[in-house]
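Shown below: input29.txt, with compact mmCIF, N, CA and C atoms.
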```
# COMPACT_ATOMS: atom_id res chain seq x y z
N MET S 1 2.74 -53.81 3.69
CA MET S 1 3.81 -53.28 2.86
C MET S 1 4.86 -52.66 3.75
N GLN S 2 6.06 -52.99 3.49
CA GLN S 2 7.18 -52.47 4.25
C GLN S 2 7.43 -51.02 3.88
N LYS S 3 7.61 -50.16 4.86
CA LYS S 3 7.93 -48.75 4.62
C LYS S 3 9.36 -48.52 5.09
N ILE S 4 10.16 -47.85 4.28
CA ILE S 4 11.54 -47.58 4.64
C ILE S 4 11.83 -46.09 4.51
N GLU S 5 12.93 -45.68 5.10
CA GLU S 5 13.35 -44.28 5.01
C GLU S 5 13.90 -44.00 3.62
N LYS S 6 13.72 -42.76 3.19
CA LYS S 6 14.16 -42.36 1.85
C LYS S 6 15.66 -42.60 1.66
N GLU S 7 16.43 -42.38 2.71
CA GLU S 7 17.89 -42.52 2.61
C GLU S 7 18.32 -43.97 2.38
N LYS S 8 17.49 -44.93 2.76
CA LYS S 8 17.82 -46.35 2.60
C LYS S 8 17.25 -46.93 1.32
N ALA S 9 16.47 -46.15 0.60
CA ALA S 9 15.81 -46.64 -0.60
C ALA S 9 16.81 -46.82 -1.74
N GLN S 10 16.49 -47.77 -2.62
CA GLN S 10 17.37 -48.06 -3.75
C GLN S 10 16.68 -47.69 -5.06
N SER S 11 17.43 -47.06 -5.92
CA SER S 11 16.97 -46.65 -7.24
C SER S 11 16.86 -47.88 -8.15
N PRO S 12 16.01 -47.86 -9.16
CA PRO S 12 15.10 -46.81 -9.60
C PRO S 12 13.80 -46.81 -8.81
N PHE S 13 13.09 -45.69 -8.90
CA PHE S 13 11.86 -45.51 -8.15
C PHE S 13 10.65 -45.53 -9.07
N VAL S 14 9.53 -45.97 -8.54
CA VAL S 14 8.28 -45.95 -9.29
C VAL S 14 7.21 -45.28 -8.44
N LEU S 15 6.20 -44.77 -9.11
CA LEU S 15 5.11 -44.10 -8.44
C LEU S 15 3.82 -44.86 -8.74
N ALA S 16 3.01 -45.07 -7.72
CA ALA S 16 1.74 -45.79 -7.89
C ALA S 16 0.59 -44.90 -7.46
N ILE S 17 -0.43 -44.84 -8.29
CA ILE S 17 -1.67 -44.15 -7.94
C ILE S 17 -2.64 -45.26 -7.54
N ILE S 18 -3.06 -45.22 -6.27
CA ILE S 18 -3.82 -46.32 -5.69
C ILE S 18 -5.19 -45.84 -5.25
N ASP S 19 -6.22 -46.54 -5.65
CA ASP S 19 -7.58 -46.26 -5.21
C ASP S 19 -7.65 -46.44 -3.69
N LEU S 20 -8.41 -45.59 -3.04
CA LEU S 20 -8.46 -45.58 -1.58
C LEU S 20 -8.83 -46.94 -0.97
N ILE S 21 -9.75 -47.66 -1.57
CA ILE S 21 -10.13 -48.97 -1.04
C ILE S 21 -8.93 -49.91 -1.12
N ASP S 22 -8.17 -49.85 -2.20
CA ASP S 22 -7.00 -50.71 -2.35
C ASP S 22 -5.91 -50.37 -1.34
N VAL S 23 -5.83 -49.12 -0.92
CA VAL S 23 -4.80 -48.71 0.04
C VAL S 23 -4.87 -49.57 1.29
N TYR S 24 -6.07 -49.82 1.75
CA TYR S 24 -6.24 -50.55 3.00
C TYR S 24 -6.40 -52.04 2.83
N HIS S 25 -6.80 -52.50 1.66
CA HIS S 25 -7.08 -53.92 1.50
C HIS S 25 -6.12 -54.66 0.58
N TYR S 26 -5.56 -53.96 -0.40
CA TYR S 26 -4.75 -54.65 -1.40
C TYR S 26 -3.38 -54.03 -1.64
N ALA S 27 -2.92 -53.16 -0.78
CA ALA S 27 -1.68 -52.43 -1.04
C ALA S 27 -0.45 -53.33 -1.10
N ASP S 28 -0.57 -54.58 -0.65
CA ASP S 28 0.56 -55.50 -0.73
C ASP S 28 0.58 -56.27 -2.04
N VAL S 29 -0.43 -56.11 -2.85
CA VAL S 29 -0.51 -56.83 -4.12
C VAL S 29 0.02 -55.92 -5.22
N PHE S 30 1.08 -56.36 -5.87
CA PHE S 30 1.70 -55.53 -6.90
C PHE S 30 1.63 -56.19 -8.25
N ASP S 31 1.08 -55.49 -9.18
CA ASP S 31 1.16 -55.88 -10.58
C ASP S 31 0.86 -54.66 -11.44
N GLN S 32 1.17 -54.76 -12.69
CA GLN S 32 1.00 -53.62 -13.59
C GLN S 32 -0.46 -53.31 -13.86
N GLU S 33 -1.33 -54.29 -13.67
CA GLU S 33 -2.74 -54.11 -14.00
C GLU S 33 -3.52 -53.40 -12.89
N ARG S 34 -3.15 -53.60 -11.65
CA ARG S 34 -3.96 -53.13 -10.52
C ARG S 34 -3.91 -51.62 -10.33
N TYR S 35 -2.74 -51.02 -10.44
CA TYR S 35 -2.57 -49.59 -10.18
C TYR S 35 -2.10 -48.88 -11.44
N ALA S 36 -2.17 -47.55 -11.39
CA ALA S 36 -1.57 -46.74 -12.44
C ALA S 36 -0.13 -46.47 -12.01
N TRP S 37 0.82 -46.92 -12.78
CA TRP S 37 2.23 -46.82 -12.42
C TRP S 37 2.94 -45.79 -13.30
N ILE S 38 3.85 -45.07 -12.70
CA ILE S 38 4.73 -44.17 -13.43
C ILE S 38 6.16 -44.59 -13.09
N GLY S 39 6.93 -44.93 -14.10
CA GLY S 39 8.30 -45.37 -13.88
C GLY S 39 8.48 -46.87 -13.94
N TRP S 40 7.40 -47.60 -14.14
CA TRP S 40 7.47 -49.05 -14.22
C TRP S 40 8.06 -49.49 -15.57
N GLN S 41 7.81 -48.70 -16.60
CA GLN S 41 8.25 -49.04 -17.94
C GLN S 41 9.77 -48.93 -18.06
N LYS S 42 10.34 -49.74 -18.91
CA LYS S 42 11.81 -49.74 -19.07
C LYS S 42 12.34 -48.42 -19.60
N TYR S 43 11.56 -47.73 -20.40
CA TYR S 43 12.01 -46.48 -21.00
C TYR S 43 11.83 -45.28 -20.08
N ALA S 44 11.16 -45.45 -18.95
CA ALA S 44 10.90 -44.32 -18.05
C ALA S 44 11.31 -44.69 -16.63
N LYS S 45 12.57 -44.65 -16.34
CA LYS S 45 13.08 -44.98 -15.01
C LYS S 45 13.44 -43.69 -14.27
N TYR S 46 13.14 -43.63 -12.99
CA TYR S 46 13.43 -42.46 -12.17
C TYR S 46 14.50 -42.80 -11.15
N ALA S 47 15.64 -42.13 -11.26
CA ALA S 47 16.75 -42.38 -10.35
C ALA S 47 16.67 -41.54 -9.09
N GLU S 48 15.96 -40.42 -9.15
CA GLU S 48 15.88 -39.52 -8.00
C GLU S 48 14.53 -39.65 -7.30
N CYS S 49 14.59 -39.93 -6.04
CA CYS S 49 13.38 -40.10 -5.24
C CYS S 49 12.66 -38.76 -5.05
N ASP S 50 13.41 -37.69 -4.84
CA ASP S 50 12.80 -36.38 -4.58
C ASP S 50 11.91 -35.92 -5.74
N THR S 51 12.30 -36.24 -6.96
CA THR S 51 11.50 -35.87 -8.12
C THR S 51 10.14 -36.54 -8.06
N LEU S 52 10.12 -37.82 -7.73
CA LEU S 52 8.85 -38.54 -7.66
C LEU S 52 8.02 -38.14 -6.44
N ILE S 53 8.66 -37.75 -5.37
CA ILE S 53 7.92 -37.28 -4.19
C ILE S 53 7.16 -36.00 -4.54
N LYS S 54 7.82 -35.09 -5.25
CA LYS S 54 7.14 -33.86 -5.67
C LYS S 54 5.99 -34.16 -6.61
N LEU S 55 6.20 -35.08 -7.52
CA LEU S 55 5.14 -35.49 -8.44
C LEU S 55 4.00 -36.16 -7.68
N ALA S 56 4.33 -36.98 -6.70
CA ALA S 56 3.32 -37.66 -5.88
C ALA S 56 2.44 -36.64 -5.17
N ASP S 57 3.05 -35.61 -4.60
CA ASP S 57 2.28 -34.57 -3.91
C ASP S 57 1.34 -33.85 -4.86
N ARG S 58 1.83 -33.49 -6.03
CA ARG S 58 0.99 -32.79 -7.01
C ARG S 58 -0.18 -33.66 -7.47
N LEU S 59 0.10 -34.92 -7.73
CA LEU S 59 -0.97 -35.83 -8.16
C LEU S 59 -1.98 -36.07 -7.05
N PHE S 60 -1.49 -36.19 -5.81
CA PHE S 60 -2.39 -36.40 -4.68
C PHE S 60 -3.41 -35.28 -4.59
N TRP S 61 -2.94 -34.03 -4.69
CA TRP S 61 -3.86 -32.90 -4.60
C TRP S 61 -4.76 -32.79 -5.82
N ALA S 62 -4.29 -33.23 -6.98
CA ALA S 62 -5.13 -33.24 -8.17
C ALA S 62 -6.28 -34.24 -8.02
N PHE S 63 -6.01 -35.39 -7.42
CA PHE S 63 -7.03 -36.42 -7.23
C PHE S 63 -7.91 -36.17 -6.01
N ASN S 64 -7.42 -35.42 -5.03
CA ASN S 64 -8.13 -35.20 -3.78
C ASN S 64 -8.17 -33.72 -3.43
N PRO S 65 -8.77 -32.87 -4.27
CA PRO S 65 -8.69 -31.43 -4.06
C PRO S 65 -9.37 -30.92 -2.79
N SER S 66 -10.35 -31.63 -2.28
CA SER S 66 -11.07 -31.13 -1.10
C SER S 66 -10.58 -31.76 0.20
N ALA S 67 -9.58 -32.60 0.16
CA ALA S 67 -9.08 -33.25 1.37
C ALA S 67 -8.25 -32.28 2.20
N LYS S 68 -8.67 -32.04 3.41
CA LYS S 68 -7.93 -31.18 4.33
C LYS S 68 -7.36 -31.96 5.50
N THR S 69 -8.01 -33.08 5.84
CA THR S 69 -7.58 -33.95 6.94
C THR S 69 -7.68 -35.40 6.49
N GLN S 70 -7.15 -36.30 7.29
CA GLN S 70 -7.26 -37.73 7.00
C GLN S 70 -8.73 -38.14 6.90
N GLU S 71 -9.57 -37.58 7.79
CA GLU S 71 -10.99 -37.91 7.77
C GLU S 71 -11.67 -37.47 6.47
N ASP S 72 -11.34 -36.27 6.00
CA ASP S 72 -11.89 -35.79 4.73
C ASP S 72 -11.47 -36.70 3.58
N TRP S 73 -10.25 -37.12 3.63
CA TRP S 73 -9.69 -37.93 2.53
C TRP S 73 -10.37 -39.29 2.43
N ILE S 74 -10.67 -39.92 3.55
CA ILE S 74 -11.25 -41.27 3.49
C ILE S 74 -12.78 -41.29 3.42
N LYS S 75 -13.39 -40.12 3.54
CA LYS S 75 -14.85 -40.07 3.52
C LYS S 75 -15.38 -40.65 2.21
N TRP S 76 -16.30 -41.57 2.32
CA TRP S 76 -16.97 -42.24 1.20
C TRP S 76 -16.03 -43.12 0.37
N ASP S 77 -14.82 -43.39 0.85
CA ASP S 77 -13.86 -44.22 0.11
C ASP S 77 -13.66 -43.72 -1.32
N SER S 78 -13.65 -42.41 -1.50
CA SER S 78 -13.62 -41.88 -2.86
C SER S 78 -12.28 -41.29 -3.27
N GLY S 79 -11.28 -41.37 -2.43
CA GLY S 79 -10.00 -40.74 -2.75
C GLY S 79 -9.00 -41.69 -3.38
N TYR S 80 -7.83 -41.14 -3.63
CA TYR S 80 -6.71 -41.90 -4.18
C TYR S 80 -5.48 -41.56 -3.37
N ASP S 81 -4.61 -42.53 -3.19
CA ASP S 81 -3.31 -42.26 -2.58
C ASP S 81 -2.27 -42.36 -3.68
N VAL S 82 -1.18 -41.66 -3.50
CA VAL S 82 -0.08 -41.71 -4.45
C VAL S 82 1.16 -42.06 -3.64
N ARG S 83 1.83 -43.14 -4.01
CA ARG S 83 2.97 -43.63 -3.25
C ARG S 83 4.19 -43.83 -4.14
N VAL S 84 5.36 -43.71 -3.51
CA VAL S 84 6.63 -43.93 -4.20
C VAL S 84 7.25 -45.21 -3.62
N TYR S 85 7.67 -46.09 -4.52
CA TYR S 85 8.31 -47.35 -4.14
C TYR S 85 9.71 -47.40 -4.72
N ASP S 86 10.58 -48.13 -4.04
CA ASP S 86 11.95 -48.26 -4.55
C ASP S 86 12.10 -49.53 -5.37
N ALA S 87 13.33 -49.86 -5.74
CA ALA S 87 13.60 -51.01 -6.60
C ALA S 87 13.19 -52.33 -5.96
N ASN S 88 13.15 -52.38 -4.62
CA ASN S 88 12.74 -53.59 -3.89
C ASN S 88 11.25 -53.58 -3.56
N MET S 89 10.51 -52.64 -4.14
CA MET S 89 9.09 -52.47 -3.91
C MET S 89 8.75 -52.18 -2.45
N ALA S 90 9.66 -51.50 -1.78
CA ALA S 90 9.41 -51.00 -0.43
C ALA S 90 8.87 -49.58 -0.55
N CYS S 91 7.86 -49.27 0.24
CA CYS S 91 7.25 -47.94 0.18
C CYS S 91 8.21 -46.91 0.78
N VAL S 92 8.51 -45.89 0.01
CA VAL S 92 9.41 -44.83 0.45
C VAL S 92 8.61 -43.61 0.90
N TYR S 93 7.45 -43.41 0.26
CA TYR S 93 6.67 -42.20 0.54
C TYR S 93 5.20 -42.46 0.23
N ALA S 94 4.33 -42.02 1.10
CA ALA S 94 2.89 -42.07 0.88
C ALA S 94 2.35 -40.66 1.03
N ALA S 95 1.78 -40.11 -0.03
CA ALA S 95 1.39 -38.70 -0.05
C ALA S 95 0.34 -38.36 1.01
N HIS S 96 -0.54 -39.29 1.33
CA HIS S 96 -1.60 -38.98 2.29
C HIS S 96 -1.08 -38.68 3.69
N GLU S 97 0.14 -39.09 3.99
CA GLU S 97 0.69 -38.91 5.33
C GLU S 97 0.93 -37.43 5.67
N LYS S 98 0.91 -36.56 4.66
CA LYS S 98 1.07 -35.12 4.93
C LYS S 98 -0.19 -34.50 5.51
N LEU S 99 -1.33 -35.16 5.31
CA LEU S 99 -2.58 -34.63 5.84
C LEU S 99 -2.63 -34.80 7.36
N PRO S 100 -3.12 -33.79 8.08
CA PRO S 100 -3.26 -33.95 9.54
C PRO S 100 -4.35 -34.97 9.86
N GLU S 101 -4.24 -35.60 11.02
CA GLU S 101 -5.22 -36.61 11.43
C GLU S 101 -6.62 -36.02 11.52
N LYS S 102 -6.73 -34.86 12.17
CA LYS S 102 -8.04 -34.21 12.36
C LYS S 102 -7.94 -32.74 12.02
```
Would it be possible to restate this file's structure as structure tokens?
Amino acid sequence: MQKIEKEKAQSPFVLAIIDLIDVYHYADVFDQERYAWIGWQKYAKYAECDTLIKLADRLFWAFNPSAKTQEDWIKWDSGYDVRVYDANMACVYAAHEKLPEK
């Protein structure tokens, strides 16, 4: 999946809640059935990336309350990542990247 800078991203934005196993194996496969999407629907479009980034962070911590490091997050493949994509389906933000490596 292509990752781009927030400044180069094009509106509207969508948010995807992705199972940890899918993050590493299927993150390039996009459809409405595979992930939980916010903003995919025609009636709920997000023009501001910063709004979805804040929501992504909150959801990430709600799904992964005990994750303190990257290692904690991937332990047992039990976590979720929350990502923001732009209109071209390029990844603008991945919430797990805020966690320190160790």
Using all atoms listed in the file, determine which residues lie at most 7 Å from range 37-39 of chain S, disregarding the query and same-chain residues fewer than 3 positions distant; provide the list as a ChimeraX atom specification.
/S:13-17,32,42,44-46
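With distances restricted to only N, CA and C atoms, S:His96 is the closest residue to Gln70 in chain S from S:Ala47, S:His96, S:Ile53, S:Arg58.
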What's around Phe60 in chain S at 6.5 Å? Count only N, CA and C atoms, leave out sequence neighbours fewer than 6 positions away in its own chain, and write the answer as a PyMOL selection string.
chain S and resi 80-82+95
Pick from S:Ala94, S:Asn64, S:Lys54, S:Glu7, whichever lies nearest to Ser78 in chain S using all atoms listed in the file
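Under the stated criterion, the closest residue is S:Asn64.
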Going by DSSP on the backbone, which residues of chain S come out as strand (DSSP E or B)? List them as a PyMOL selection string.
chain S and resi 3+13-19+36-38+46+80-85+91-94
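As for CA of Ala90 in chain S and CA of Ser11 in chain S, they are spaced 11.1 Å apart.
CA of Thr69 in chain S lies 5.2 Å from CA of Leu99 in chain S.
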Can you list, as a count of residues only, all residues belonging to range 9-83 of chain S that DSSP tags as alpha helix (DSSP H)?
26
Counting all atoms listed in the file, what is within 7 Å of Gln2 in chain S, bar same-chain residues fewer than 6 positions away, as a list in words?
Met89, Ala90, Cys91 and Val92 of chain S
Straight-line distance linking CA of Pro12 in chain S with CA of Ala36 in chain S, stated in Å to one decimal:
16.9 Å
